[in-house]
>>> print(open('model_17.cif').read())   # mmCIF, C-alpha atoms and all ligand atoms; chains and numbers go by the auth columns
data_input
loop_
_atom_site.group_PDB
_atom_site.id
_atom_site.type_symbol
_atom_site.label_atom_id
_atom_site.label_comp_id
_atom_site.label_asym_id
_atom_site.label_seq_id
_atom_site.Cartn_x
_atom_site.Cartn_y
_atom_site.Cartn_z
_atom_site.B_iso_or_equiv
_atom_site.auth_seq_id
_atom_site.auth_asym_id
ATOM 1 C CA ASN A 1 -4.645 29.592 2.626 0.00 2 E
ATOM 2 C CA MET A 2 -4.931 32.878 0.800 0.00 3 E
ATOM 3 C CA ILE A 3 -5.401 36.061 2.786 0.00 4 E
ATOM 4 C CA ILE A 4 -8.785 37.472 1.757 0.00 5 E
ATOM 5 C CA LEU A 5 -8.535 41.241 1.274 0.00 6 E
ATOM 6 C CA LYS A 6 -11.631 43.259 2.160 0.00 7 E
ATOM 7 C CA THR A 7 -13.081 46.152 0.215 0.00 8 E
ATOM 8 C CA ARG A 8 -13.900 49.464 1.865 0.00 9 E
ATOM 9 C CA ARG A 9 -17.591 48.474 1.744 0.00 10 E
ATOM 10 C CA GLU A 10 -16.884 45.218 3.575 0.00 11 E
ATOM 11 C CA ILE A 11 -14.810 46.995 6.202 0.00 12 E
ATOM 12 C CA GLU A 12 -17.691 49.400 6.838 0.00 13 E
ATOM 13 C CA ILE A 13 -19.955 46.415 7.583 0.00 14 E
ATOM 14 C CA MET A 14 -17.254 44.906 9.787 0.00 15 E
ATOM 15 C CA LYS A 15 -17.171 48.160 11.768 0.00 16 E
ATOM 16 C CA LYS A 16 -20.870 47.672 12.535 0.00 17 E
ATOM 17 C CA ALA A 17 -20.212 44.125 13.744 0.00 18 E
ATOM 18 C CA GLY A 18 -17.234 45.465 15.680 0.00 19 E
ATOM 19 C CA SER A 19 -19.243 48.247 17.279 0.00 20 E
ATOM 20 C CA LEU A 20 -21.771 45.716 18.583 0.00 21 E
ATOM 21 C CA VAL A 21 -18.902 43.747 20.112 0.00 22 E
ATOM 22 C CA ALA A 22 -17.522 46.912 21.720 0.00 23 E
ATOM 23 C CA GLN A 23 -20.953 47.858 23.057 0.00 24 E
ATOM 24 C CA SER A 24 -21.240 44.346 24.504 0.00 25 E
ATOM 25 C CA HIS A 25 -17.940 44.854 26.312 0.00 26 E
ATOM 26 C CA GLU A 26 -19.222 48.136 27.758 0.00 27 E
ATOM 27 C CA LEU A 27 -22.323 46.330 28.967 0.00 28 E
ATOM 28 C CA VAL A 28 -20.145 43.664 30.597 0.00 29 E
ATOM 29 C CA ARG A 29 -17.934 46.321 32.179 0.00 30 E
ATOM 30 C CA LYS A 30 -20.977 47.969 33.783 0.00 31 E
ATOM 31 C CA HIS A 31 -22.205 44.674 35.233 0.00 32 E
ATOM 32 C CA ILE A 32 -18.933 43.283 36.542 0.00 33 E
ATOM 33 C CA LYS A 33 -18.805 43.337 40.321 0.00 34 E
ATOM 34 C CA PRO A 34 -18.346 40.804 43.119 0.00 35 E
ATOM 35 C CA GLY A 35 -21.299 38.384 43.232 0.00 36 E
ATOM 36 C CA VAL A 36 -22.152 38.461 39.528 0.00 37 E
ATOM 37 C CA THR A 37 -21.983 35.089 37.796 0.00 38 E
ATOM 38 C CA THR A 38 -20.265 34.633 34.474 0.00 39 E
ATOM 39 C CA LYS A 39 -23.460 33.025 33.149 0.00 40 E
ATOM 40 C CA GLU A 40 -25.298 36.298 33.780 0.00 41 E
ATOM 41 C CA LEU A 41 -22.705 38.095 31.662 0.00 42 E
ATOM 42 C CA ASP A 42 -23.149 35.504 28.920 0.00 43 E
ATOM 43 C CA GLN A 43 -26.926 35.990 28.860 0.00 44 E
ATOM 44 C CA LEU A 44 -26.563 39.763 28.886 0.00 45 E
ATOM 45 C CA VAL A 45 -24.354 39.708 25.803 0.00 46 E
ATOM 46 C CA GLU A 46 -26.439 37.147 23.943 0.00 47 E
ATOM 47 C CA ASP A 47 -29.613 39.182 24.516 0.00 48 E
ATOM 48 C CA PHE A 48 -27.899 42.405 23.481 0.00 49 E
ATOM 49 C CA LEU A 49 -26.488 40.977 20.253 0.00 50 E
ATOM 50 C CA ARG A 50 -29.697 39.223 19.197 0.00 51 E
ATOM 51 C CA SER A 51 -31.756 42.354 19.892 0.00 52 E
ATOM 52 C CA HIS A 52 -29.428 44.192 17.470 0.00 53 E
ATOM 53 C CA ASN A 53 -29.837 41.620 14.680 0.00 54 E
ATOM 54 C CA ALA A 54 -26.443 40.120 15.327 0.00 55 E
ATOM 55 C CA ILE A 55 -25.472 36.526 16.019 0.00 56 E
ATOM 56 C CA PRO A 56 -23.146 35.608 18.891 0.00 57 E
ATOM 57 C CA THR A 57 -20.462 34.046 16.693 0.00 58 E
ATOM 58 C CA PHE A 58 -19.021 31.768 19.350 0.00 59 E
ATOM 59 C CA LYS A 59 -22.273 29.960 20.136 0.00 60 E
ATOM 60 C CA GLY A 60 -22.020 26.600 18.392 0.00 61 E
ATOM 61 C CA TYR A 61 -18.630 27.424 16.861 0.00 62 E
ATOM 62 C CA ASN A 62 -16.948 24.003 16.735 0.00 63 E
ATOM 63 C CA GLY A 63 -19.516 23.101 19.381 0.00 64 E
ATOM 64 C CA PHE A 64 -18.672 25.881 21.853 0.00 65 E
ATOM 65 C CA PRO A 65 -21.809 26.069 24.021 0.00 66 E
ATOM 66 C CA PHE A 66 -21.904 29.763 25.029 0.00 67 E
ATOM 67 C CA SER A 67 -22.040 33.268 23.562 0.00 68 E
ATOM 68 C CA ILE A 68 -18.956 34.584 25.358 0.00 69 E
ATOM 69 C CA CYS A 69 -15.746 33.108 26.655 0.00 70 E
ATOM 70 C CA ALA A 70 -15.338 34.011 30.330 0.00 71 E
ATOM 71 C CA SER A 71 -11.867 33.141 31.611 0.00 72 E
ATOM 72 C CA VAL A 72 -11.153 33.914 35.275 0.00 73 E
ATOM 73 C CA ASN A 73 -7.665 34.326 36.806 0.00 74 E
ATOM 74 C CA GLU A 74 -5.514 31.350 35.695 0.00 75 E
ATOM 75 C CA GLU A 75 -7.925 30.604 32.833 0.00 76 E
ATOM 76 C CA VAL A 76 -6.337 31.886 29.638 0.00 77 E
ATOM 77 C CA VAL A 77 -9.054 31.591 26.985 0.00 78 E
ATOM 78 C CA HIS A 78 -12.228 29.620 26.188 0.00 79 E
ATOM 79 C CA GLY A 79 -13.550 29.636 29.758 0.00 80 E
ATOM 80 C CA PHE A 80 -17.144 28.466 30.136 0.00 81 E
ATOM 81 C CA PRO A 81 -19.644 30.890 31.656 0.00 82 E
ATOM 82 C CA SER A 82 -21.049 29.249 34.797 0.00 83 E
ATOM 83 C CA ASN A 83 -22.740 29.860 38.120 0.00 84 E
ATOM 84 C CA ARG A 84 -19.367 30.841 39.564 0.00 85 E
ATOM 85 C CA LYS A 85 -19.693 34.191 41.312 0.00 86 E
ATOM 86 C CA LEU A 86 -16.980 36.714 40.639 0.00 87 E
ATOM 87 C CA GLN A 87 -15.057 37.739 43.757 0.00 88 E
ATOM 88 C CA THR A 88 -13.109 40.830 44.611 0.00 89 E
ATOM 89 C CA GLY A 89 -9.521 40.345 43.496 0.00 90 E
ATOM 90 C CA ASP A 90 -10.456 38.298 40.416 0.00 91 E
ATOM 91 C CA ILE A 91 -9.615 39.242 36.877 0.00 92 E
ATOM 92 C CA ILE A 92 -11.863 38.049 34.077 0.00 93 E
ATOM 93 C CA SER A 93 -11.078 37.905 30.378 0.00 94 E
ATOM 94 C CA VAL A 94 -14.201 38.237 28.262 0.00 95 E
ATOM 95 C CA ASP A 95 -13.959 37.325 24.597 0.00 96 E
ATOM 96 C CA ILE A 96 -16.897 38.262 22.366 0.00 97 E
ATOM 97 C CA GLY A 97 -17.640 37.637 18.697 0.00 98 E
ATOM 98 C CA ALA A 98 -20.582 39.056 16.743 0.00 99 E
ATOM 99 C CA THR A 99 -21.696 38.302 13.208 0.00 100 E
ATOM 100 C CA PHE A 100 -23.615 41.140 11.564 0.00 101 E
ATOM 101 C CA GLU A 101 -24.743 41.112 7.933 0.00 102 E
ATOM 102 C CA GLY A 102 -22.472 38.139 7.389 0.00 103 E
ATOM 103 C CA TYR A 103 -19.275 39.634 8.793 0.00 104 E
ATOM 104 C CA VAL A 104 -17.543 38.983 12.104 0.00 105 E
ATOM 105 C CA GLY A 105 -16.108 41.261 14.791 0.00 106 E
ATOM 106 C CA ASP A 106 -13.896 39.677 17.471 0.00 107 E
ATOM 107 C CA SER A 107 -12.534 41.379 20.577 0.00 108 E
ATOM 108 C CA ALA A 108 -11.424 40.430 24.085 0.00 109 E
ATOM 109 C CA LYS A 109 -10.745 42.431 27.221 0.00 110 E
ATOM 110 C CA THR A 110 -9.681 41.594 30.745 0.00 111 E
ATOM 111 C CA PHE A 111 -11.605 43.296 33.549 0.00 112 E
ATOM 112 C CA LEU A 112 -10.746 43.798 37.214 0.00 113 E
ATOM 113 C CA VAL A 113 -13.250 42.708 39.850 0.00 114 E
ATOM 114 C CA GLY A 114 -13.239 44.955 42.923 0.00 115 E
ATOM 115 C CA ASP A 115 -9.855 45.386 44.608 0.00 116 E
ATOM 116 C CA VAL A 116 -7.173 43.629 42.573 0.00 117 E
ATOM 117 C CA ASP A 117 -3.565 43.119 43.645 0.00 118 E
ATOM 118 C CA GLU A 118 -0.651 44.841 41.959 0.00 119 E
ATOM 119 C CA GLU A 119 0.605 41.710 40.144 0.00 120 E
ATOM 120 C CA LYS A 120 -2.715 41.248 38.360 0.00 121 E
ATOM 121 C CA ARG A 121 -3.206 44.954 37.660 0.00 122 E
ATOM 122 C CA HIS A 122 0.235 45.121 36.073 0.00 123 E
ATOM 123 C CA LEU A 123 -0.520 42.000 34.018 0.00 124 E
ATOM 124 C CA VAL A 124 -3.780 43.434 32.700 0.00 125 E
ATOM 125 C CA GLU A 125 -2.307 46.848 31.891 0.00 126 E
ATOM 126 C CA ALA A 126 0.815 45.421 30.222 0.00 127 E
ATOM 127 C CA THR A 127 -1.251 42.989 28.145 0.00 128 E
ATOM 128 C CA LYS A 128 -3.294 45.879 26.779 0.00 129 E
ATOM 129 C CA GLN A 129 -0.133 47.884 26.115 0.00 130 E
ATOM 130 C CA SER A 130 1.469 44.935 24.310 0.00 131 E
ATOM 131 C CA PHE A 131 -1.401 45.096 21.801 0.00 132 E
ATOM 132 C CA TYR A 132 -0.702 48.786 21.185 0.00 133 E
ATOM 133 C CA GLU A 133 3.042 48.103 20.854 0.00 134 E
ATOM 134 C CA GLY A 134 2.193 45.446 18.263 0.00 135 E
ATOM 135 C CA ILE A 135 -0.081 47.568 16.125 0.00 136 E
ATOM 136 C CA LYS A 136 2.593 50.231 15.744 0.00 137 E
ATOM 137 C CA PHE A 137 3.774 47.812 13.038 0.00 138 E
ATOM 138 C CA ALA A 138 0.326 47.047 11.587 0.00 139 E
ATOM 139 C CA LYS A 139 0.899 48.915 8.347 0.00 140 E
ATOM 140 C CA ALA A 140 2.833 48.749 5.124 0.00 141 E
ATOM 141 C CA PRO A 141 5.685 48.100 4.515 0.00 142 E
ATOM 142 C CA TYR A 142 6.066 46.011 7.677 0.00 143 E
ATOM 143 C CA ARG A 143 5.606 42.258 7.663 0.00 144 E
ATOM 144 C CA LEU A 144 3.240 40.224 9.782 0.00 145 E
ATOM 145 C CA SER A 145 5.811 39.008 12.291 0.00 146 E
ATOM 146 C CA ASP A 146 6.891 42.569 13.049 0.00 147 E
ATOM 147 C CA ILE A 147 3.611 42.835 14.974 0.00 148 E
ATOM 148 C CA SER A 148 4.284 39.496 16.703 0.00 149 E
ATOM 149 C CA HIS A 149 7.816 40.472 17.635 0.00 150 E
ATOM 150 C CA ALA A 150 6.822 43.844 19.095 0.00 151 E
ATOM 151 C CA ILE A 151 4.172 42.206 21.298 0.00 152 E
ATOM 152 C CA GLN A 152 6.642 39.638 22.622 0.00 153 E
ATOM 153 C CA GLN A 153 9.404 42.181 23.212 0.00 154 E
ATOM 154 C CA TYR A 154 7.129 44.410 25.236 0.00 155 E
ATOM 155 C CA ALA A 155 5.489 41.632 27.263 0.00 156 E
ATOM 156 C CA GLU A 156 8.824 40.067 28.165 0.00 157 E
ATOM 157 C CA SER A 157 10.299 43.471 29.050 0.00 158 E
ATOM 158 C CA GLN A 158 7.529 43.638 31.652 0.00 159 E
ATOM 159 C CA GLY A 159 8.539 40.300 33.198 0.00 160 E
ATOM 160 C CA LEU A 160 5.592 38.470 31.604 0.00 161 E
ATOM 161 C CA SER A 161 5.368 35.556 29.180 0.00 162 E
ATOM 162 C CA VAL A 162 3.539 35.095 25.886 0.00 163 E
ATOM 163 C CA VAL A 163 1.227 32.133 25.277 0.00 164 E
ATOM 164 C CA ARG A 164 2.483 30.107 22.309 0.00 165 E
ATOM 165 C CA ASP A 165 -0.345 27.630 21.703 0.00 166 E
ATOM 166 C CA TYR A 166 -3.023 30.173 20.711 0.00 167 E
ATOM 167 C CA VAL A 167 -2.622 33.024 18.252 0.00 168 E
ATOM 168 C CA GLY A 168 -4.459 35.810 16.432 0.00 169 E
ATOM 169 C CA HIS A 169 -5.948 35.401 12.982 0.00 170 E
ATOM 170 C CA GLY A 170 -7.509 36.942 9.911 0.00 171 E
ATOM 171 C CA VAL A 171 -11.196 37.865 10.253 0.00 172 E
ATOM 172 C CA GLY A 172 -13.934 38.267 7.657 0.00 173 E
ATOM 173 C CA LYS A 173 -17.038 36.290 6.803 0.00 174 E
ATOM 174 C CA LYS A 174 -15.468 33.652 8.992 0.00 175 E
ATOM 175 C CA MET A 175 -14.087 34.290 12.456 0.00 176 E
ATOM 176 C CA HIS A 176 -10.847 32.470 11.709 0.00 177 E
ATOM 177 C CA GLU A 177 -9.244 33.166 8.361 0.00 178 E
ATOM 178 C CA SER A 178 -5.675 33.126 7.155 0.00 179 E
ATOM 179 C CA PRO A 179 -3.158 34.291 8.299 0.00 180 E
ATOM 180 C CA GLN A 180 -2.349 33.153 11.814 0.00 181 E
ATOM 181 C CA VAL A 181 -0.938 36.024 13.867 0.00 182 E
ATOM 182 C CA PRO A 182 1.375 34.767 16.631 0.00 183 E
ATOM 183 C CA ASN A 183 2.195 37.051 19.546 0.00 184 E
ATOM 184 C CA PHE A 184 5.845 36.001 19.459 0.00 185 E
ATOM 185 C CA GLY A 185 8.620 35.419 16.966 0.00 186 E
ATOM 186 C CA LYS A 186 11.428 36.962 14.979 0.00 187 E
ATOM 187 C CA PRO A 187 10.756 40.192 13.075 0.00 188 E
ATOM 188 C CA ASN A 188 10.601 40.575 9.284 0.00 189 E
ATOM 189 C CA LYS A 189 8.884 37.260 8.490 0.00 190 E
ATOM 190 C CA GLY A 190 5.586 36.355 6.882 0.00 191 E
ATOM 191 C CA PRO A 191 3.459 38.305 4.412 0.00 192 E
ATOM 192 C CA ARG A 192 3.837 42.020 3.903 0.00 193 E
ATOM 193 C CA LEU A 193 0.955 43.940 5.401 0.00 194 E
ATOM 194 C CA GLN A 194 -1.306 45.558 2.857 0.00 195 E
ATOM 195 C CA GLU A 195 -4.484 47.585 2.705 0.00 196 E
ATOM 196 C CA GLY A 196 -7.611 45.450 3.027 0.00 197 E
ATOM 197 C CA MET A 197 -6.185 42.856 5.406 0.00 198 E
ATOM 198 C CA VAL A 198 -8.362 42.473 8.503 0.00 199 E
ATOM 199 C CA LEU A 199 -6.695 40.862 11.501 0.00 200 E
ATOM 200 C CA ALA A 200 -7.588 39.966 15.072 0.00 201 E
ATOM 201 C CA ILE A 201 -4.508 40.855 17.099 0.00 202 E
ATOM 202 C CA GLU A 202 -4.852 39.197 20.477 0.00 203 E
ATOM 203 C CA PRO A 203 -2.003 38.884 22.940 0.00 204 E
ATOM 204 C CA MET A 204 -2.598 36.263 25.640 0.00 205 E
ATOM 205 C CA ILE A 205 -0.060 37.037 28.357 0.00 206 E
ATOM 206 C CA ASN A 206 0.808 35.091 31.505 0.00 207 E
ATOM 207 C CA ALA A 207 2.222 36.325 34.801 0.00 208 E
ATOM 208 C CA GLY A 208 4.214 33.086 35.175 0.00 209 E
ATOM 209 C CA VAL A 209 5.398 30.594 32.560 0.00 210 E
ATOM 210 C CA TYR A 210 3.936 30.570 29.073 0.00 211 E
ATOM 211 C CA ASN A 211 2.856 26.920 29.177 0.00 212 E
ATOM 212 C CA VAL A 212 -0.847 26.166 29.150 0.00 213 E
ATOM 213 C CA LYS A 213 -3.091 23.099 29.171 0.00 214 E
ATOM 214 C CA VAL A 214 -6.717 22.337 28.282 0.00 215 E
ATOM 215 C CA LEU A 215 -9.143 21.267 31.027 0.00 216 E
ATOM 216 C CA GLU A 216 -11.315 18.147 30.830 0.00 217 E
ATOM 217 C CA ASN A 217 -14.245 20.056 29.314 0.00 218 E
ATOM 218 C CA GLY A 218 -12.129 20.067 26.152 0.00 219 E
ATOM 219 C CA TRP A 219 -12.152 23.866 25.887 0.00 220 E
ATOM 220 C CA THR A 220 -10.938 25.852 28.849 0.00 221 E
ATOM 221 C CA VAL A 221 -7.251 26.726 28.635 0.00 222 E
ATOM 222 C CA VAL A 222 -5.404 27.377 31.906 0.00 223 E
ATOM 223 C CA THR A 223 -1.832 28.213 32.857 0.00 224 E
ATOM 224 C CA VAL A 224 0.100 25.150 34.015 0.00 225 E
ATOM 225 C CA ASP A 225 1.515 27.024 37.016 0.00 226 E
ATOM 226 C CA GLY A 226 -1.864 28.404 38.115 0.00 227 E
ATOM 227 C CA LYS A 227 -0.680 32.011 37.786 0.00 228 E
ATOM 228 C CA PRO A 228 -3.029 34.563 36.211 0.00 229 E
ATOM 229 C CA SER A 229 -3.364 35.287 32.507 0.00 230 E
ATOM 230 C CA ALA A 230 -4.790 38.256 30.600 0.00 231 E
ATOM 231 C CA HIS A 231 -6.123 38.756 27.068 0.00 232 E
ATOM 232 C CA TYR A 232 -6.563 41.857 24.932 0.00 233 E
ATOM 233 C CA GLU A 233 -7.917 41.710 21.398 0.00 234 E
ATOM 234 C CA HIS A 234 -9.249 43.978 18.704 0.00 235 E
ATOM 235 C CA THR A 235 -10.147 43.317 15.095 0.00 236 E
ATOM 236 C CA ILE A 236 -8.173 45.817 13.002 0.00 237 E
ATOM 237 C CA ALA A 237 -8.017 46.753 9.334 0.00 238 E
ATOM 238 C CA ILE A 238 -4.769 47.515 7.538 0.00 239 E
ATOM 239 C CA THR A 239 -5.248 50.763 5.600 0.00 240 E
ATOM 240 C CA ASP A 240 -3.063 53.013 3.454 0.00 241 E
ATOM 241 C CA GLY A 241 -2.004 54.704 6.708 0.00 242 E
ATOM 242 C CA GLU A 242 -2.463 53.839 10.359 0.00 243 E
ATOM 243 C CA PRO A 243 -4.398 50.686 11.269 0.00 244 E
ATOM 244 C CA GLU A 244 -8.106 51.127 11.920 0.00 245 E
ATOM 245 C CA LEU A 245 -9.646 49.519 14.997 0.00 246 E
ATOM 246 C CA LEU A 246 -12.974 47.969 14.007 0.00 247 E
ATOM 247 C CA THR A 247 -14.090 46.714 17.436 0.00 248 E
ATOM 248 C CA ILE A 248 -14.686 50.092 19.037 0.00 249 E
ATOM 249 C CA VAL A 249 -17.972 51.793 19.921 0.00 250 E
HETATM 250 MG MG MG B . -11.699 36.707 20.376 0.00 301 G
HETATM 251 MG MG MG B . -9.797 36.053 17.994 0.00 302 G
#
>>> encode(input="model_17.cif", output="structure tokens")
Amino acid sequence: NMIILKTRREIEIMKKAGSLVAQSHELVRKHIKPGVTTKELDQLVEDFLRSHNAIPTFKGYNGFPFSICASVNEEVVHGFPSNRKLQTGDIISVDIGATFEGYVGDSAKTFLVGDVDEEKRHLVEATKQSFYEGIKFAKAPYRLSDISHAIQQYAESQGLSVVRDYVGHGVGKKMHESPQVPNFGKPNKGPRLQEGMVLAIEPMINAGVYNVKVLENGWTVVTVDGKPSAHYEHTIAITDGEPELLTIV
């Protein structure tokens, strides 16, 4: 369970994978509107990645049958794209992974569909901000759980709750490497952050209670109280200074 440090050369390749993920998110953003099905978004991303010599990392990962995870409203993560049409007032979390030249980029965003109520808009905005609060600590000499703690503190200060059962992770040639990166916990625990670590930081934040359950398809995670959930994730590199976001255009 060693943390695999990446060289500058490897991180440059990971930025290419990450850019393709970010471009996929932009494509999704442009196509999201009431009436679009989540399967259409899945196909769009798969076609885009393959046409850029990348592999949709999720497809076939532990048997996952699609290229993106599309999680609507009370779905937290691992939602299946389907013929469900998005409706005004929905929020949809889209998680995308791309493998390019053997390295993975992993990023998730939650989008608003049409007119969305204030509770959901606040949830989506605060989830994104919790990521940025977390990465203020994504540098030496902080320790891993300083990121986790900052995310939790912020999310809870906003009246929201942090999912416990799913966490962030190291990223490299594999999508999931050591270490696990929880979005909750006490500060000053775990490994010290050092240059060359590449991490997917990914708060999953609920409007209601933090408890979740898995649906009968064996994948889709939903909130137990049916209240909405949001997700915000980037793959980042720890450097000798500020963290570098790899999953940006
Ligand atoms: Mg992801
Ligand atoms: Mg991830």
>>> resolve_selection(input="model_17.cif", expression="the PyMOL selection byres (((chain E and resi 222) around 12) and not hetatm)", output="CSV table (one decimal) with C-alpha atoms, in the coordinates of the input")
chain,number,residue,atom,x,y,z
E,70,CYS,CA,-15.7,33.1,26.7
E,71,ALA,CA,-15.3,34.0,30.3
E,72,SER,CA,-11.9,33.1,31.6
E,73,VAL,CA,-11.2,33.9,35.3
E,74,ASN,CA,-7.7,34.3,36.8
E,75,GLU,CA,-5.5,31.4,35.7
E,76,GLU,CA,-7.9,30.6,32.8
E,77,VAL,CA,-6.3,31.9,29.6
E,78,VAL,CA,-9.1,31.6,27.0
E,79,HIS,CA,-12.2,29.6,26.2
E,80,GLY,CA,-13.6,29.6,29.8
E,81,PHE,CA,-17.1,28.5,30.1
E,94,SER,CA,-11.1,37.9,30.4
E,164,VAL,CA,1.2,32.1,25.3
E,166,ASP,CA,-0.3,27.6,21.7
E,167,TYR,CA,-3.0,30.2,20.7
E,205,MET,CA,-2.6,36.3,25.6
E,207,ASN,CA,0.8,35.1,31.5
E,211,TYR,CA,3.9,30.6,29.1
E,212,ASN,CA,2.9,26.9,29.2
E,213,VAL,CA,-0.8,26.2,29.2
E,214,LYS,CA,-3.1,23.1,29.2
E,215,VAL,CA,-6.7,22.3,28.3
E,216,LEU,CA,-9.1,21.3,31.0
E,217,GLU,CA,-11.3,18.1,30.8
E,218,ASN,CA,-14.2,20.1,29.3
E,219,GLY,CA,-12.1,20.1,26.2
E,220,TRP,CA,-12.2,23.9,25.9
E,221,THR,CA,-10.9,25.9,28.8
E,223,VAL,CA,-5.4,27.4,31.9
E,224,THR,CA,-1.8,28.2,32.9
E,225,VAL,CA,0.1,25.2,34.0
E,227,GLY,CA,-1.9,28.4,38.1
E,229,PRO,CA,-3.0,34.6,36.2
E,230,SER,CA,-3.4,35.3,32.5
E,231,ALA,CA,-4.8,38.3,30.6
>>> residues_around(input="model_17.cif", residues="Thr39 of chain E", least_positions_apart="4", cutoff="12 Å", atoms="only C-alpha atoms", output="PyMOL selection string")
chain E and resi 29+32-35+43-46+67-73+80-88+92-95+114
>>> write_last_selection(input="model_17.cif", atoms="C-alpha atoms", output="PDB file, keeping the file's coordinate frame")
ATOM      1  CA  VAL E  29     -20.145  43.664  30.597  1.00  0.00           C
ATOM      2  CA  HIS E  32     -22.205  44.674  35.233  1.00  0.00           C
ATOM      3  CA  ILE E  33     -18.933  43.283  36.542  1.00  0.00           C
ATOM      4  CA  LYS E  34     -18.805  43.337  40.321  1.00  0.00           C
ATOM      5  CA  PRO E  35     -18.346  40.804  43.119  1.00  0.00           C
ATOM      6  CA  ASP E  43     -23.149  35.504  28.920  1.00  0.00           C
ATOM      7  CA  GLN E  44     -26.926  35.990  28.860  1.00  0.00           C
ATOM      8  CA  LEU E  45     -26.563  39.763  28.886  1.00  0.00           C
ATOM      9  CA  VAL E  46     -24.354  39.708  25.803  1.00  0.00           C
ATOM     10  CA  PHE E  67     -21.904  29.763  25.029  1.00  0.00           C
ATOM     11  CA  SER E  68     -22.040  33.268  23.562  1.00  0.00           C
ATOM     12  CA  ILE E  69     -18.956  34.584  25.358  1.00  0.00           C
ATOM     13  CA  CYS E  70     -15.746  33.108  26.655  1.00  0.00           C
ATOM     14  CA  ALA E  71     -15.338  34.011  30.330  1.00  0.00           C
ATOM     15  CA  SER E  72     -11.867  33.141  31.611  1.00  0.00           C
ATOM     16  CA  VAL E  73     -11.153  33.914  35.275  1.00  0.00           C
ATOM     17  CA  GLY E  80     -13.550  29.636  29.758  1.00  0.00           C
ATOM     18  CA  PHE E  81     -17.144  28.466  30.136  1.00  0.00           C
ATOM     19  CA  PRO E  82     -19.644  30.890  31.656  1.00  0.00           C
ATOM     20  CA  SER E  83     -21.049  29.249  34.797  1.00  0.00           C
ATOM     21  CA  ASN E  84     -22.740  29.860  38.120  1.00  0.00           C
ATOM     22  CA  ARG E  85     -19.367  30.841  39.564  1.00  0.00           C
ATOM     23  CA  LYS E  86     -19.693  34.191  41.312  1.00  0.00           C
ATOM     24  CA  LEU E  87     -16.980  36.714  40.639  1.00  0.00           C
ATOM     25  CA  GLN E  88     -15.057  37.739  43.757  1.00  0.00           C
ATOM     26  CA  ILE E  92      -9.615  39.242  36.877  1.00  0.00           C
ATOM     27  CA  ILE E  93     -11.863  38.049  34.077  1.00  0.00           C
ATOM     28  CA  SER E  94     -11.078  37.905  30.378  1.00  0.00           C
ATOM     29  CA  VAL E  95     -14.201  38.237  28.262  1.00  0.00           C
ATOM     30  CA  VAL E 114     -13.250  42.708  39.850  1.00  0.00           C
TER      31      VAL E 114
END
>>> closest_residue(input="model_17.cif", among="E:Thr111, E:Asn189, E:Gln181, E:Gln159", to="ligand MG 302 (chain G)", atoms="all atoms listed in the file")
E:Gln181
>>> closest_residue(input="model_17.cif", among="E:Lys40, E:Lys110, E:Lys31, E:Lys175", to="ligand MG 301 (chain G)", atoms="all atoms listed in the file")
E:Lys110
>>> closest_residue(input="model_17.cif", among="E:Val163, E:Ile5, E:Met176, E:Ile14", to="Phe59 of chain E", atoms="all atoms listed in the file")
E:Met176
>>> closest_atom_pairs(input="model_17.cif", of="chain E", to="ligand MG 302 (chain G)", cutoff="6 Å", atoms="all atoms listed in the file", output="Markdown table")
| residue | atom | partner | partner_atom | distance |
| --- | --- | --- | --- | --- |
| E:Asp107 | CA | G:MG302 | MG | 5.5 |
| E:Gly169 | CA | G:MG302 | MG | 5.6 |
| E:Ala201 | CA | G:MG302 | MG | 5.4 |
>>> atom_distance(input="model_17.cif", atom1="atom CA of Val172 of chain E", atom2="atom CA of Ile97 of chain E")
13.4 Å
>>> resolve_selection(input="model_17.cif", expression="the PyMOL selection byres (((not hetatm)) within 8 of (chain G and resi 301))", output="list in words")
Asp96, Ile97, Gly98, Asp107, Ser108, Ala109, Ala201, Glu203, Glu234 and His235 of chain E
>>> atom_distance(input="model_17.cif", atom1="atom CA of Arg10 of chain E", atom2="atom CA of Val168 of chain E")
27.1 Å
>>> closest_residue(input="model_17.cif", among="E:Met198, E:Ala18, E:Lys60, E:Gly209", to="Gly171 of chain E", atoms="only C-alpha atoms")
E:Met198
>>> atom_distance(input="model_17.cif", atom1="atom CA of Glu41 of chain E", atom2="atom CA of Gly103 of chain E")
26.6 Å
>>> resolve_selection(input="model_17.cif", expression="the PyMOL selection byres (((chain E and resi 155) around 12) and not hetatm)", output="PyMOL selection string")
chain E and resi 124+126-135+148-154+156-163+184-185+204+206
>>> closest_residue(input="model_17.cif", among="E:Ile202, E:Leu246, E:Ala208, E:Ala238", to="Thr8 of chain E", atoms="only C-alpha atoms")
E:Ala238
